[in-house]
Each structure stands twice: as C-alpha cells, then as structure tokens.
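Coordinates from model31.txt are shown below (compact mmCIF, C-alpha atoms).
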# COMPACT_ATOMS: atom_id res chain seq x y z
CA MET A 1 -33.09 -8.18 -36.17
CA ASN A 2 -30.10 -9.89 -37.80
CA ASN A 3 -26.76 -10.72 -36.29
CA ILE A 4 -23.42 -9.34 -37.41
CA GLU A 5 -22.53 -12.73 -38.93
CA SER A 6 -25.47 -12.41 -41.33
CA LEU A 7 -23.64 -9.62 -43.16
CA PRO A 8 -21.33 -10.60 -46.03
CA LYS A 9 -17.75 -9.48 -45.42
CA HIS A 10 -17.84 -6.55 -47.87
CA GLN A 11 -21.13 -5.32 -46.46
CA LEU A 12 -19.88 -5.57 -42.89
CA LYS A 13 -16.81 -3.56 -43.86
CA HIS A 14 -19.04 -0.97 -45.51
CA GLN A 15 -21.26 -0.77 -42.43
CA ILE A 16 -18.29 -0.33 -40.11
CA VAL A 17 -17.02 2.52 -42.28
CA ASN A 18 -20.43 4.19 -41.91
CA GLY A 19 -21.10 3.15 -38.30
CA LEU A 20 -21.99 -0.41 -37.30
CA ARG A 21 -24.73 -0.42 -34.65
CA PHE A 22 -24.96 -3.51 -32.51
CA ARG A 23 -26.05 -4.80 -29.12
CA LEU A 24 -23.41 -5.78 -26.58
CA GLY A 25 -25.03 -7.19 -23.46
CA CYS A 26 -26.86 -4.27 -21.88
CA PHE A 27 -25.24 -1.64 -24.10
CA ASN A 28 -25.75 -0.41 -27.64
CA ILE A 29 -22.58 0.37 -29.54
CA CYS A 30 -21.92 2.29 -32.73
CA LEU A 31 -18.49 1.50 -34.13
CA THR A 32 -16.99 3.46 -36.99
CA SER A 33 -13.70 2.59 -38.62
CA SER A 34 -12.13 2.11 -42.01
CA ILE A 35 -9.27 0.03 -40.61
CA ALA A 36 -9.21 -3.49 -42.06
CA ASP A 37 -7.94 -5.08 -38.82
CA VAL A 38 -10.93 -3.69 -36.95
CA SER A 39 -13.49 -5.07 -39.41
CA ASP A 40 -11.66 -8.43 -39.43
CA HIS A 41 -11.76 -8.46 -35.63
CA ILE A 42 -15.49 -7.76 -35.60
CA GLN A 43 -16.16 -10.37 -38.25
CA ARG A 44 -14.17 -13.08 -36.44
CA LEU A 45 -15.20 -12.38 -32.88
CA TYR A 46 -18.52 -10.54 -32.85
CA GLY A 47 -20.57 -12.66 -35.27
CA PRO A 48 -23.47 -13.63 -32.95
CA HIS A 49 -24.05 -10.08 -31.67
CA GLN A 50 -27.33 -8.58 -32.72
CA LEU A 51 -27.55 -5.63 -35.08
CA ILE A 52 -29.84 -2.85 -33.89
CA ASN A 53 -32.06 -0.29 -35.57
CA GLU A 54 -31.06 3.15 -36.75
CA ASN A 55 -33.39 4.68 -34.17
CA ASP A 56 -32.15 2.74 -31.16
CA PHE A 57 -30.35 4.73 -28.49
CA ILE A 58 -26.58 4.34 -28.63
CA ASP A 59 -24.67 4.17 -25.35
CA PHE A 60 -21.21 4.43 -26.86
CA HIS A 61 -20.20 5.97 -30.17
CA VAL A 62 -16.65 4.83 -30.77
CA GLU A 63 -14.37 5.39 -33.69
CA LEU A 64 -10.95 4.07 -34.60
CA SER A 65 -9.08 5.92 -37.28
CA SER A 66 -5.59 6.18 -38.61
CA SER A 67 -3.62 9.27 -37.68
CA SER A 68 -2.37 12.03 -39.94
CA LYS A 69 -1.28 11.41 -43.54
CA LEU A 70 2.41 11.53 -42.63
CA ARG A 71 1.84 8.97 -39.89
CA ARG A 72 0.40 6.58 -42.44
CA TYR A 73 3.89 6.10 -43.83
CA ILE A 74 6.16 6.60 -40.82
CA ARG A 75 5.31 4.43 -37.82
CA PRO A 76 1.56 4.46 -38.51
CA GLN A 77 -0.78 4.95 -35.57
CA VAL A 78 -4.40 4.48 -34.66
CA SER A 79 -6.55 6.84 -32.57
CA PHE A 80 -9.58 5.92 -30.47
CA TYR A 81 -12.46 8.37 -30.24
CA PHE A 82 -15.40 8.28 -27.84
CA ASP A 83 -18.20 10.69 -28.74
CA GLY A 84 -15.69 12.53 -30.93
CA TYR A 85 -13.28 12.95 -28.03
CA MET A 86 -9.86 11.27 -27.86
CA PRO A 87 -9.31 9.96 -24.32
CA PHE A 88 -6.00 8.22 -25.08
CA LYS A 89 -2.82 8.87 -26.98
CA PRO A 90 -2.65 7.04 -30.32
CA LEU A 91 -1.21 3.52 -30.41
CA PRO A 92 0.71 1.67 -33.12
CA TYR A 93 -1.55 0.85 -36.06
CA ALA A 94 -1.11 -2.91 -35.60
CA GLN A 95 -2.87 -2.64 -32.22
CA ALA A 96 -6.11 -1.24 -33.68
CA ALA A 97 -8.30 -4.25 -32.83
CA ALA A 98 -6.94 -4.51 -29.28
CA PHE A 99 -7.39 -0.73 -28.93
CA PHE A 100 -11.08 -1.17 -29.73
CA GLU A 101 -11.41 -3.63 -26.82
CA TRP A 102 -9.39 -1.53 -24.38
CA GLY A 103 -11.20 1.63 -25.39
CA LEU A 104 -14.58 -0.02 -24.95
CA ASN A 105 -13.51 -1.23 -21.49
CA TRP A 106 -12.78 2.37 -20.61
CA CYS A 107 -16.13 3.58 -22.00
CA ILE A 108 -18.08 1.06 -19.93
CA ALA A 109 -16.01 1.48 -16.77
CA ASN A 110 -16.32 5.26 -16.81
CA HIS A 111 -19.88 5.79 -17.98
CA SER A 112 -22.05 3.09 -16.43
CA ASN A 113 -22.71 4.20 -12.90
CA HIS A 114 -26.02 2.40 -12.71
CA TYR A 115 -23.75 -0.60 -12.04
CA LEU A 116 -21.06 -1.12 -9.48
CA ILE A 117 -18.26 -2.27 -11.78
CA ILE A 118 -15.77 -4.69 -10.28
CA HIS A 119 -12.58 -5.57 -12.12
CA ALA A 120 -13.44 -9.25 -12.21
CA ALA A 121 -14.21 -12.07 -14.57
CA VAL A 122 -17.67 -13.51 -14.05
CA VAL A 123 -19.15 -16.77 -15.29
CA GLU A 124 -22.41 -18.55 -14.59
CA ARG A 125 -23.57 -22.14 -14.14
CA ASN A 126 -26.92 -23.35 -12.81
CA GLY A 127 -28.08 -19.73 -12.61
CA LEU A 128 -25.32 -18.77 -10.15
CA ALA A 129 -22.56 -16.31 -10.86
CA PHE A 130 -18.99 -17.00 -9.82
CA ILE A 131 -17.01 -13.78 -9.59
CA PHE A 132 -13.23 -13.77 -9.93
CA PRO A 133 -11.74 -10.38 -9.08
CA GLY A 134 -8.09 -9.97 -9.75
CA THR A 135 -5.27 -7.72 -10.67
CA PRO A 136 -3.53 -8.28 -14.02
CA GLY A 137 -1.46 -11.44 -13.86
CA SER A 138 -3.64 -13.17 -11.27
CA GLY A 139 -4.87 -15.62 -13.89
CA LYS A 140 -8.52 -14.59 -13.82
CA SER A 141 -8.93 -14.35 -17.60
CA THR A 142 -7.19 -17.69 -18.18
CA LEU A 143 -9.41 -19.34 -15.61
CA CYS A 144 -12.45 -17.61 -17.08
CA ALA A 145 -11.55 -18.75 -20.62
CA ALA A 146 -11.09 -22.34 -19.46
CA LEU A 147 -14.42 -22.35 -17.62
CA VAL A 148 -16.19 -20.86 -20.63
CA CYS A 149 -14.60 -23.49 -22.89
CA SER A 150 -15.97 -26.09 -20.46
CA GLY A 151 -19.58 -25.01 -20.82
CA TRP A 152 -19.92 -22.18 -18.30
CA ARG A 153 -21.71 -19.07 -19.47
CA LEU A 154 -19.53 -16.02 -19.99
CA LEU A 155 -20.85 -12.82 -18.46
CA SER A 156 -17.55 -10.97 -18.73
CA ASP A 157 -13.85 -11.68 -18.53
CA GLU A 158 -13.03 -8.19 -17.36
CA MET A 159 -15.91 -6.35 -15.68
CA THR A 160 -18.56 -7.57 -13.29
CA LEU A 161 -21.57 -5.29 -13.65
CA LEU A 162 -23.50 -5.40 -10.38
CA SER A 163 -26.85 -3.67 -10.84
CA MET A 164 -27.48 -0.86 -8.39
CA THR A 165 -31.20 -1.59 -8.58
CA ASP A 166 -31.74 -5.34 -8.36
CA GLY A 167 -28.30 -6.53 -7.16
CA LYS A 168 -27.96 -8.99 -10.03
CA ILE A 169 -25.01 -9.29 -12.38
CA TYR A 170 -25.61 -8.21 -15.95
CA PRO A 171 -23.71 -9.81 -18.81
CA VAL A 172 -21.53 -8.03 -21.29
CA PRO A 173 -20.15 -11.06 -23.13
CA ARG A 174 -17.21 -9.91 -25.20
CA PRO A 175 -14.11 -11.66 -26.47
CA VAL A 176 -11.87 -12.90 -23.66
CA SER A 177 -8.57 -11.08 -23.60
CA LEU A 178 -5.60 -13.40 -23.15
CA LYS A 179 -1.98 -12.44 -22.77
CA ASN A 180 1.36 -14.07 -23.52
CA LYS A 181 1.56 -17.71 -22.32
CA SER A 182 -2.19 -17.81 -21.61
CA ILE A 183 -2.88 -17.73 -25.34
CA ASP A 184 -1.09 -21.05 -25.90
CA VAL A 185 -2.47 -22.50 -22.68
CA ILE A 186 -6.08 -21.95 -23.77
CA GLN A 187 -5.42 -22.95 -27.38
CA GLN A 188 -4.09 -26.26 -26.08
CA PHE A 189 -6.83 -26.58 -23.49
CA SER A 190 -9.55 -26.02 -26.05
CA PRO A 191 -8.34 -26.41 -29.66
CA ALA A 192 -11.83 -25.60 -30.94
CA ALA A 193 -11.81 -22.10 -29.42
CA GLU A 194 -11.75 -19.30 -31.97
CA PHE A 195 -9.16 -16.59 -31.62
CA GLY A 196 -8.50 -13.24 -33.22
CA GLN A 197 -5.09 -12.17 -34.43
CA VAL A 198 -2.18 -12.14 -31.99
CA VAL A 199 -1.02 -8.58 -31.46
CA THR A 200 2.58 -8.38 -30.30
CA GLY A 201 4.53 -5.59 -28.68
CA THR A 202 1.68 -4.06 -26.68
CA ALA A 203 2.24 -2.59 -23.21
CA LYS A 204 0.88 -5.90 -21.89
CA GLY A 205 3.00 -8.09 -24.18
CA SER A 206 1.30 -10.29 -26.79
CA ILE A 207 -2.49 -10.16 -26.78
CA SER A 208 -5.14 -12.27 -28.44
CA HIS A 209 -8.89 -12.37 -27.97
CA MET A 210 -10.92 -15.56 -27.72
CA CYS A 211 -14.41 -15.52 -29.15
CA ALA A 212 -17.23 -15.51 -26.58
CA PRO A 213 -19.44 -18.61 -26.91
CA GLU A 214 -22.52 -18.06 -29.05
CA GLN A 215 -24.80 -19.29 -26.28
CA SER A 216 -23.39 -16.70 -23.85
CA ILE A 217 -24.14 -13.95 -26.35
CA ARG A 218 -27.66 -15.25 -26.97
CA LEU A 219 -28.34 -15.19 -23.22
CA SER A 220 -26.86 -11.74 -22.76
CA ASN A 221 -30.20 -10.29 -21.65
CA GLN A 222 -30.34 -12.67 -18.68
CA PRO A 223 -28.69 -11.51 -15.46
CA ALA A 224 -27.30 -13.93 -12.87
CA VAL A 225 -27.39 -14.05 -9.09
CA PRO A 226 -24.05 -13.51 -7.30
CA SER A 227 -23.08 -16.73 -5.54
CA LYS A 228 -19.31 -17.06 -5.08
CA LEU A 229 -16.64 -14.41 -4.75
CA ILE A 230 -13.29 -16.04 -5.45
CA PHE A 231 -9.92 -14.31 -5.56
CA PRO A 232 -7.73 -16.39 -7.88
CA LYS A 233 -3.98 -16.54 -8.00
CA TYR A 234 -2.10 -18.52 -10.59
CA ILE A 235 1.11 -19.90 -9.08
CA ALA A 236 3.19 -22.14 -11.32
CA ASP A 237 3.28 -25.77 -10.14
CA SER A 238 1.08 -25.03 -7.12
CA GLU A 239 -1.54 -27.41 -5.78
CA THR A 240 -5.18 -26.51 -6.32
CA GLU A 241 -6.29 -24.85 -3.11
CA LEU A 242 -9.59 -23.19 -2.25
CA THR A 243 -9.45 -21.43 1.11
CA PRO A 244 -12.40 -19.70 2.78
CA LEU A 245 -11.94 -15.95 3.07
CA SER A 246 -13.73 -13.80 5.64
CA LYS A 247 -16.56 -11.80 4.12
CA GLY A 248 -15.16 -8.60 5.59
CA ARG A 249 -11.79 -9.04 3.91
CA ALA A 250 -13.49 -10.14 0.68
CA MET A 251 -15.61 -7.00 0.69
CA LEU A 252 -12.58 -4.80 1.21
CA SER A 253 -10.71 -6.50 -1.63
CA ALA A 254 -13.73 -6.30 -3.93
CA ALA A 255 -14.04 -2.57 -3.16
CA GLU A 256 -10.37 -2.12 -4.03
CA ASN A 257 -11.04 -3.87 -7.34
CA ALA A 258 -14.09 -1.77 -8.24
CA PHE A 259 -13.67 0.92 -10.88
CA ASN A 260 -16.43 3.25 -9.69
CA TYR A 261 -16.79 2.43 -5.99
CA SER A 262 -15.69 5.93 -4.96
CA VAL A 263 -18.06 7.51 -7.48
CA LEU A 264 -21.07 5.66 -6.09
CA GLY A 265 -20.21 6.52 -2.48
CA VAL A 266 -22.37 4.99 0.22
CA HIS A 267 -24.71 3.45 -2.38
CA GLY A 268 -21.78 1.46 -3.75
CA PHE A 269 -20.87 0.39 -0.21
CA GLU A 270 -24.41 -0.80 0.49
CA LYS A 271 -24.77 -2.68 -2.79
CA LEU A 272 -21.39 -4.34 -2.43
CA ALA A 273 -22.21 -5.32 1.16
CA GLU A 274 -25.45 -6.86 -0.06
CA MET A 275 -23.58 -8.85 -2.69
CA VAL A 276 -20.88 -10.07 -0.30
CA GLU A 277 -23.50 -11.14 2.25
CA GLN A 278 -25.07 -13.48 -0.28
CA CYS A 279 -21.77 -14.89 -1.57
CA ASP A 280 -19.43 -17.53 -0.22
CA CYS A 281 -15.94 -16.04 -0.35
CA PHE A 282 -12.66 -17.77 -1.08
CA GLU A 283 -9.04 -17.37 -2.05
CA PHE A 284 -7.97 -19.74 -4.76
CA LYS A 285 -4.51 -20.93 -5.75
CA TYR A 286 -4.10 -22.96 -8.89
CA SER A 287 -1.84 -24.11 -11.66
CA LYS A 288 -3.89 -26.89 -13.28
CA LEU A 289 -6.96 -25.74 -15.17
CA GLU A 290 -8.59 -29.19 -15.25
CA GLU A 291 -8.53 -29.38 -11.45
CA ALA A 292 -9.86 -25.85 -11.13
CA ILE A 293 -12.78 -26.60 -13.43
CA ALA A 294 -13.63 -29.85 -11.67
CA LEU A 295 -13.61 -28.03 -8.33
CA PHE A 296 -15.86 -25.17 -9.46
CA SER A 297 -18.24 -27.51 -11.25
CA ALA A 298 -18.62 -29.53 -8.05
CA LEU A 299 -19.14 -26.31 -6.11
CA SER A 300 -21.88 -25.12 -8.45
CA ASP A 301 -23.56 -28.57 -8.34
CA GLU A 302 -23.72 -28.39 -4.53
CA GLN A 303 -26.17 -25.51 -4.65
CA MET B 304 -5.14 25.74 31.75
CA ASP B 305 -6.19 27.02 35.16
CA ASN B 306 -4.81 24.41 37.59
CA GLU B 307 -6.95 25.63 40.47
CA LEU B 308 -10.04 24.79 38.58
CA LEU B 309 -8.84 21.24 38.13
CA ILE B 310 -8.30 20.56 41.84
CA GLY B 311 -10.83 17.98 42.87
CA ALA B 312 -12.32 17.87 39.43
CA LYS B 313 -12.37 14.73 37.34
CA VAL B 314 -11.46 15.19 33.68
CA ASP B 315 -12.94 12.76 31.20
CA ASN B 316 -12.95 12.64 27.44
CA ILE B 317 -16.16 12.67 25.48
CA ILE B 318 -15.88 10.65 22.31
CA GLY B 319 -18.17 10.72 19.34
CA VAL B 320 -18.16 10.20 15.60
CA LYS B 321 -17.55 13.22 13.38
CA VAL B 322 -20.27 12.21 10.94
CA LYS B 323 -22.57 9.22 10.88
CA ILE B 324 -20.85 6.06 9.70
CA ASN B 325 -22.40 3.32 7.59
CA PHE B 326 -21.46 -0.12 8.72
CA ILE B 327 -22.23 -3.75 8.12
CA LYS B 328 -21.42 -6.72 10.31
CA LEU B 329 -20.13 -9.62 8.23
CA GLN B 330 -19.57 -12.73 10.33
CA ASP B 331 -17.28 -11.57 13.16
CA GLU B 332 -15.97 -8.46 11.43
CA TYR B 333 -17.32 -5.04 10.66
CA VAL B 334 -16.88 -3.10 7.43
CA ILE B 335 -17.49 0.63 7.77
CA TYR B 336 -17.87 3.42 5.24
CA ASP B 337 -16.55 6.89 5.99
CA HIS B 338 -18.72 9.47 4.27
CA LEU B 339 -16.12 12.22 4.56
CA SER B 340 -13.17 10.44 2.97
CA GLY B 341 -15.05 7.80 1.00
CA ASP B 342 -12.76 5.21 2.57
CA THR B 343 -13.84 1.74 3.63
CA HIS B 344 -12.31 0.07 6.67
CA LEU B 345 -12.28 -3.44 8.03
CA LEU B 346 -12.65 -3.73 11.81
CA ASP B 347 -12.47 -6.56 14.29
CA GLU B 348 -15.61 -7.32 16.24
CA ILE B 349 -14.68 -5.33 19.38
CA SER B 350 -13.74 -2.16 17.49
CA GLY B 351 -16.83 -2.53 15.34
CA GLU B 352 -19.10 -2.81 18.40
CA LEU B 353 -17.52 0.29 19.94
CA LEU B 354 -17.74 2.36 16.80
CA CYS B 355 -21.37 1.35 16.29
CA SER B 356 -22.17 2.43 19.83
CA LEU B 357 -20.48 5.78 19.23
CA ASN B 358 -22.38 6.08 15.96
CA THR B 359 -25.58 6.07 18.00
CA GLN B 360 -24.45 8.44 20.76
CA GLU B 361 -21.41 10.16 22.23
CA MET B 362 -19.82 8.41 25.19
CA SER B 363 -17.23 9.28 27.78
CA ARG B 364 -13.99 7.33 27.91
CA ASP B 365 -15.10 5.90 31.24
CA ASP B 366 -18.35 4.70 29.74
CA LEU B 367 -16.47 3.07 26.89
CA LEU B 368 -14.20 1.34 29.38
CA LYS B 369 -17.19 0.08 31.35
CA LYS B 370 -18.77 -1.16 28.16
CA LEU B 371 -15.61 -3.00 27.20
CA VAL B 372 -15.25 -4.56 30.64
CA LYS B 373 -18.87 -5.66 30.56
CA ASN B 374 -18.78 -7.11 27.06
CA PHE B 375 -15.26 -8.45 26.99
CA ALA B 376 -14.75 -9.76 30.48
CA GLU B 377 -12.03 -12.18 29.44
CA LEU B 378 -9.57 -9.30 28.91
CA THR B 379 -7.57 -7.76 31.76
CA TRP B 380 -8.12 -4.17 32.85
CA LEU B 381 -4.71 -3.21 31.40
CA ASP B 382 -5.48 -4.92 28.09
CA ILE B 383 -8.78 -3.09 27.87
CA ASN B 384 -7.20 0.27 28.65
CA ASN B 385 -4.50 -0.26 26.04
CA TYR B 386 -7.03 -1.48 23.54
CA LEU B 387 -9.17 1.59 24.05
CA ASP B 388 -6.20 3.92 23.65
CA VAL B 389 -5.21 2.26 20.39
CA PHE B 390 -8.82 2.33 19.21
CA ILE B 391 -9.26 6.03 19.94
CA ASP B 392 -5.89 6.99 18.44
CA ARG B 393 -6.60 5.00 15.29
CA PHE B 394 -9.96 6.55 14.60
CA VAL B 395 -8.96 10.05 15.60
CA ALA B 396 -6.07 9.74 13.12
CA LEU B 397 -8.56 8.61 10.49
CA ASP B 398 -10.65 11.68 11.32
CA LEU B 399 -13.62 9.52 12.22
CA LEU B 400 -13.76 10.33 15.94
CA ASN B 401 -13.84 13.56 17.91
CA VAL B 402 -12.45 13.70 21.41
CA THR B 403 -13.35 16.60 23.69
CA ASN B 404 -12.37 17.22 27.31
CA GLN B 405 -15.08 17.50 29.92
CA ARG B 406 -14.81 18.19 33.59
CA ALA B 407 -17.13 16.28 35.80
What would the structure in this file look like if it were written as structure tokens?
Amino acid sequence: MNNIESLPKHQLKHQIVNGLRFRLGCFNICLTSSIADVSDHIQRLYGPHQLINENDFIDFHVELSSSSKLRRYIRPQVSFYFDGYMPFKPLPYAQAAAFFEWGLNWCIANHSNHYLIIHAAVVERNGLAFIFPGTPGSGKSTLCAALVCSGWRLLSDEMTLLSMTDGKIYPVPRPVSLKNKSIDVIQQFSPAAEFGQVVTGTAKGSISHMCAPEQSIRLSNQPAVPSKLIFPKYIADSETELTPLSKGRAMLSAAENAFNYSVLGVHGFEKLAEMVEQCDCFEFKYSKLEEAIALFSALSDEQ
Amino acid sequence: MDNELLIGAKVDNIIGVKVKINFIKLQDEYVIYDHLSGDTHLLDEISGELLCSLNTQEMSRDDLLKKLVKNFAELTWLDINNYLDVFIDRFVALDLLNVTNQRA
C-alpha cells in the first residue's frame, strides 16, 4: 500500500475531502476535511504514513469542518467531530491543524483501554524505551524532539501506550508538538527538522508541530521494552542532574500521569507495577539539550 | 455501655481490611491499590508489612503491637504505640481498615 506522500497535492486534498484513510502506529484513522490548512498539515507532516484499504477497520473517524455560513465571515471557527459527535467547542479557524492533533489525542486517550496510557513522551534506542512523563511545561516534548533529532526512535511525544497484554510500549509516532520558545530551541538545535505552520494565540500560546522521523514511522509496528522511567524538569540555567527516584514514588507519579488508570482499575495497577519493576527510575533536571542527550545515550549504551 | 460488664474484662480492638487490597513491594516501599476508591497509596516498609498482614487475616491491636515489637526491635515501646495509632487512624480515615471492639 502507498504512503500519503505518494499522492499528488491535489489528489491528497481530494482524498481528505472524501475521507483519507491511513495507518497511525497501531490505529487506523479516517480524516475528513475541506480545510486547506488541514490538508497542508497532513501533506507536510504525515507523508510517510501508510494509506490503508477501503475495507480496513477504522478506529477513529474524525472530521474538521468550518462552522456555520455566518461564522465563515465573522471570526471564522473550526469544529472537530469524532464519529459524528462534537466533543469540544469550536476553535478559531486558524487553529484547524492543531485542533486535528489535539482532537486525535483525545480520541486515543479516551478510547484505547487495551493500553494503559501515560501522559509521557517515549523514545527508543537499542530496543529500550525511555519514558518521560510530565505535566505541560516540564520540557518533555522539547527533550523528546531533541532526542529524536539525534537519532532516537520516536514512539510518541505525548502518550505512552503500555499494552495491557504483553507489557510492551506501542508506538504512535505523530508530529511532535512544540510550544513557544521550544519551537526556536529545536529549530536551532536541528535546522534540518521539518515543521508545520506556527499557530499563534492558542490556549497554550504559539504551537508548531515537528515532523516525526521517517524511520520512526516505518518502525511503527515494532513495540519497545520499557527500560527507564524519567521525570524531566526543565529549569533555566540549571546543571544537568539525573537523580535516582524510588520505584514506589515513580509508580505513584506515573499513575497520576495516566489518562485511563482509574478506568482500568486493578488491572492498570498491576500492569503499571510490572512496568515500574522493570524500569530504572529517575528525576531529571536540565537546561542544556546537548548534555541531556549525551547522558541518555550513555545510559542506553550501558545496557 | 454497661460498666459492670467491663470490670475485670480486657477490651481489645480487632483490626482488619474492609476489602482485599492489592499491593506490590518496590524496593523498601509498598504501593497499594484500594478497590473501593480506586486510589493508589505509597507506604513505608513498616506500614506496608502491617497492612499486608491485615490483608491476610484480622488481628487484634495487641497482636499488631507484638508483631511490631518483634519485627522492629530498634524502636521504643512508646514509638511503636504511637506509630500504630497513627497507622490505624490513617487507614481508618482512608476507609481501608475496620476497627471493632472485642472483650477478652
């Protein structure tokens, strides 16, 4: 089956209007939209993702459409639909591409209970997954983007999908969402990285998405073994500091960062405990990406 | 309460878990899962050992004290008593433990 990038621009646009069906890690997506920003976003950032057949099961049918006719002229808005249902209030039209990403996050986080979903970036090197849980502003996406630009495999910048059956982490390699100063930081760190448009004035400030590496997308059917659970904290001008964290405290923090821990009940507890037992756990303070990458590369080489 | 009935009688508390608790020992800490509330708690080793014992069977306060003295001999009697009070109060407040009076 072909990839999205094999479609000429006009054909891609046409397919998105009629429902573009593609593979995203372990999920099948059908995206429908006639909004130009959305098709541009897909063309720039989703090129290596595989198209799927008409008959393949779709996990998430999503649609982005402009609001009523009047709204097209006065402060235009965009609505996000999941299975024909609108879970969110409309957003300004200029945020359509970002809305697709946020909406898809919500779809996965709320409808994938065969995984324990931790709010964490996750990258892989030498077959081992490094998991970086963190609240917004902790610097996990920036760190994740820098690692990915340095050759690590991207599994996700936002959601760690821990399988409830085999305890491995399944990839869902999507564009890395960067905010405000992080956009410039990563553009300077890796000038070759491809970015989508910068969307300003969102609830999170300015947002831009960095393209996931092609190799990460090609390997998106290969899970990774959890190895390190690291709680990052970006602190301006701080020294690079990796401090061991007790497994008990790490498990509690990971549970607090999981979207569906309460839904999975005791099964979520058991699976998370299993994961924490096999991971080394740390707190991590940083301000210099180069030092962070050198440290994690050395850590992954030790194994 | 009928005071006459208490003369010469020893009153002890029987302590047990309300529902079975899932727990895991990670290094020198315990993480427990409360089925009723869905909450997860982090416990030090001593509390974890006690709660695991109570998860297996009900125990009297005296038995718990003896167990603590036996396993944690480095603590003073007063420390152990205070520790046990705090332990019981904490987990009763969390609705994990039941305490019933029993006359021996």
Q.
One number please: CA of Glu124 (chain A) to CA of Arg153 (chain A), in Å, one decimal.
A. 5.0 Å
Could I get the residues of chain A with an atom no further than 12 Å from an atom of chain B, each paired with its nearest atom pair and that distance in Å to one decimal, using all atoms listed in the file, sorted by chain and residue number, as CSV?
residue,atom,partner,partner_atom,distance
A:Leu245,CA,B:Gln330,CA,11.0
A:Ser246,CA,B:Gln330,CA,7.6
A:Lys247,CA,B:Leu329,CA,5.9
A:Gly248,CA,B:Leu329,CA,5.7
A:Arg249,CA,B:Leu345,CA,7.0
A:Ala250,CA,B:Leu345,CA,10.0
A:Met251,CA,B:Val334,CA,7.9
A:Leu252,CA,B:Leu345,CA,7.0
A:Ser253,CA,B:Leu345,CA,10.3
A:Ala254,CA,B:Thr343,CA,11.0
A:Ala255,CA,B:Thr343,CA,8.0
A:Glu256,CA,B:Thr343,CA,9.3
A:Asn260,CA,B:Gly341,CA,11.7
A:Tyr261,CA,B:Gly341,CA,9.0
A:Ser262,CA,B:Gly341,CA,6.3
A:Val263,CA,B:Gly341,CA,9.0
A:Leu264,CA,B:Gly341,CA,9.5
A:Gly265,CA,B:Gly341,CA,6.4
A:Val266,CA,B:Tyr336,CA,6.9
A:His267,CA,B:Asn325,CA,10.2
A:Gly268,CA,B:Tyr336,CA,10.0
A:Phe269,CA,B:Tyr336,CA,6.9
A:Glu270,CA,B:Asn325,CA,8.5
A:Lys271,CA,B:Ile327,CA,11.3
A:Leu272,CA,B:Ile327,CA,10.6
A:Ala273,CA,B:Ile327,CA,7.1
A:Glu274,CA,B:Ile327,CA,9.3
A:Met275,CA,B:Leu329,CA,11.5
A:Val276,CA,B:Leu329,CA,8.6
A:Glu277,CA,B:Leu329,CA,7.0
A:Gln278,CA,B:Leu329,CA,10.6
A:Cys279,CA,B:Leu329,CA,11.2
A:Asp280,CA,B:Gln330,CA,11.6
A:Cys281,CA,B:Leu329,CA,11.5
(Q) Taking 4 positions as the minimum chain separation for residues in the same chain, which residues sit within 9 Å of Leu368 (chain B) when counting all atoms listed in the file? Answer as a PyMOL selection string. (A) chain B and resi 363-364+372-373+380+383-384+387
Keeping C-alpha atoms for every residue in the selection just given, could you write it to a file as a short mmCIF file (atom, residue, chain, number, x, y, z; two decimals), in the frame of the given file?
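File selection23.cif, as written:
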data_model
loop_
_atom_site.label_atom_id
_atom_site.label_comp_id
_atom_site.auth_asym_id
_atom_site.auth_seq_id
_atom_site.Cartn_x
_atom_site.Cartn_y
_atom_site.Cartn_z
CA SER B 363 -17.23 9.28 27.78
CA ARG B 364 -13.99 7.33 27.91
CA VAL B 372 -15.25 -4.56 30.64
CA LYS B 373 -18.87 -5.66 30.56
CA TRP B 380 -8.12 -4.17 32.85
CA ILE B 383 -8.78 -3.09 27.87
CA ASN B 384 -7.20 0.27 28.65
CA LEU B 387 -9.17 1.59 24.05
#
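Nearest to Ala120 (chain A) of all the residues A:Leu147, A:Asp83, A:Phe231, A:Gln50 is A:Phe231, counting only C-alpha atoms.
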Q: Tell me which protein, DNA and RNA residues are within 7 Å of region 396-401 of chain B, counting all atoms listed in the file, leaving out same-chain ones fewer than 4 positions away, and put them as a PyMOL selection string.
A: chain B and resi 318-321+392
Those residues with C-alpha atoms, as a JSON list (two decimals), keeping the file's coordinate frame please?
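Full text of selection.json as output:
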[["chain", "number", "residue", "atom", "x", "y", "z"],
["B", 318, "ILE", "CA", -15.88, 10.65, 22.31],
["B", 319, "GLY", "CA", -18.17, 10.72, 19.34],
["B", 320, "VAL", "CA", -18.16, 10.20, 15.60],
["B", 321, "LYS", "CA", -17.55, 13.22, 13.38],
["B", 392, "ASP", "CA", -5.89, 6.99, 18.44]]
Q. Can you tell me how far CA of Ala145 (chain A) sits from CA of Lys181 (chain A), in Å to one decimal?
A.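 Atom-to-atom, CA of Ala145 (chain A) to CA of Lys181 (chain A), that is 13.3 Å.
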Q.
Quick one: residues within 9 Å of Thr135 (chain A), all atoms listed in the file, excluding same-chain residues fewer than 4 positions away - as number ranges by chain?
A. A: 119-120, 139-140, 257
Q. Expressed in Å to a single decimal, how great is the separation between CA of Asp157 (chain A) and CA of Asn113 (chain A)?
A.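 Computing the Euclidean distance for CA of Asp157 (chain A) and CA of Asn113 (chain A) yields 19.0 Å.
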Set up a box along x, y and z of the file covering all listed atoms of region 155-172 of chain A, add 6 Å on every one of the six sides, and write the centre and edge lengths in Å to one decimal, as lines of an AutoDock Vina configuration file.
center_x = -22.4
center_y = -6.8
center_z = -14.2
size_x = 30.7
size_y = 24.0
size_z = 26.1
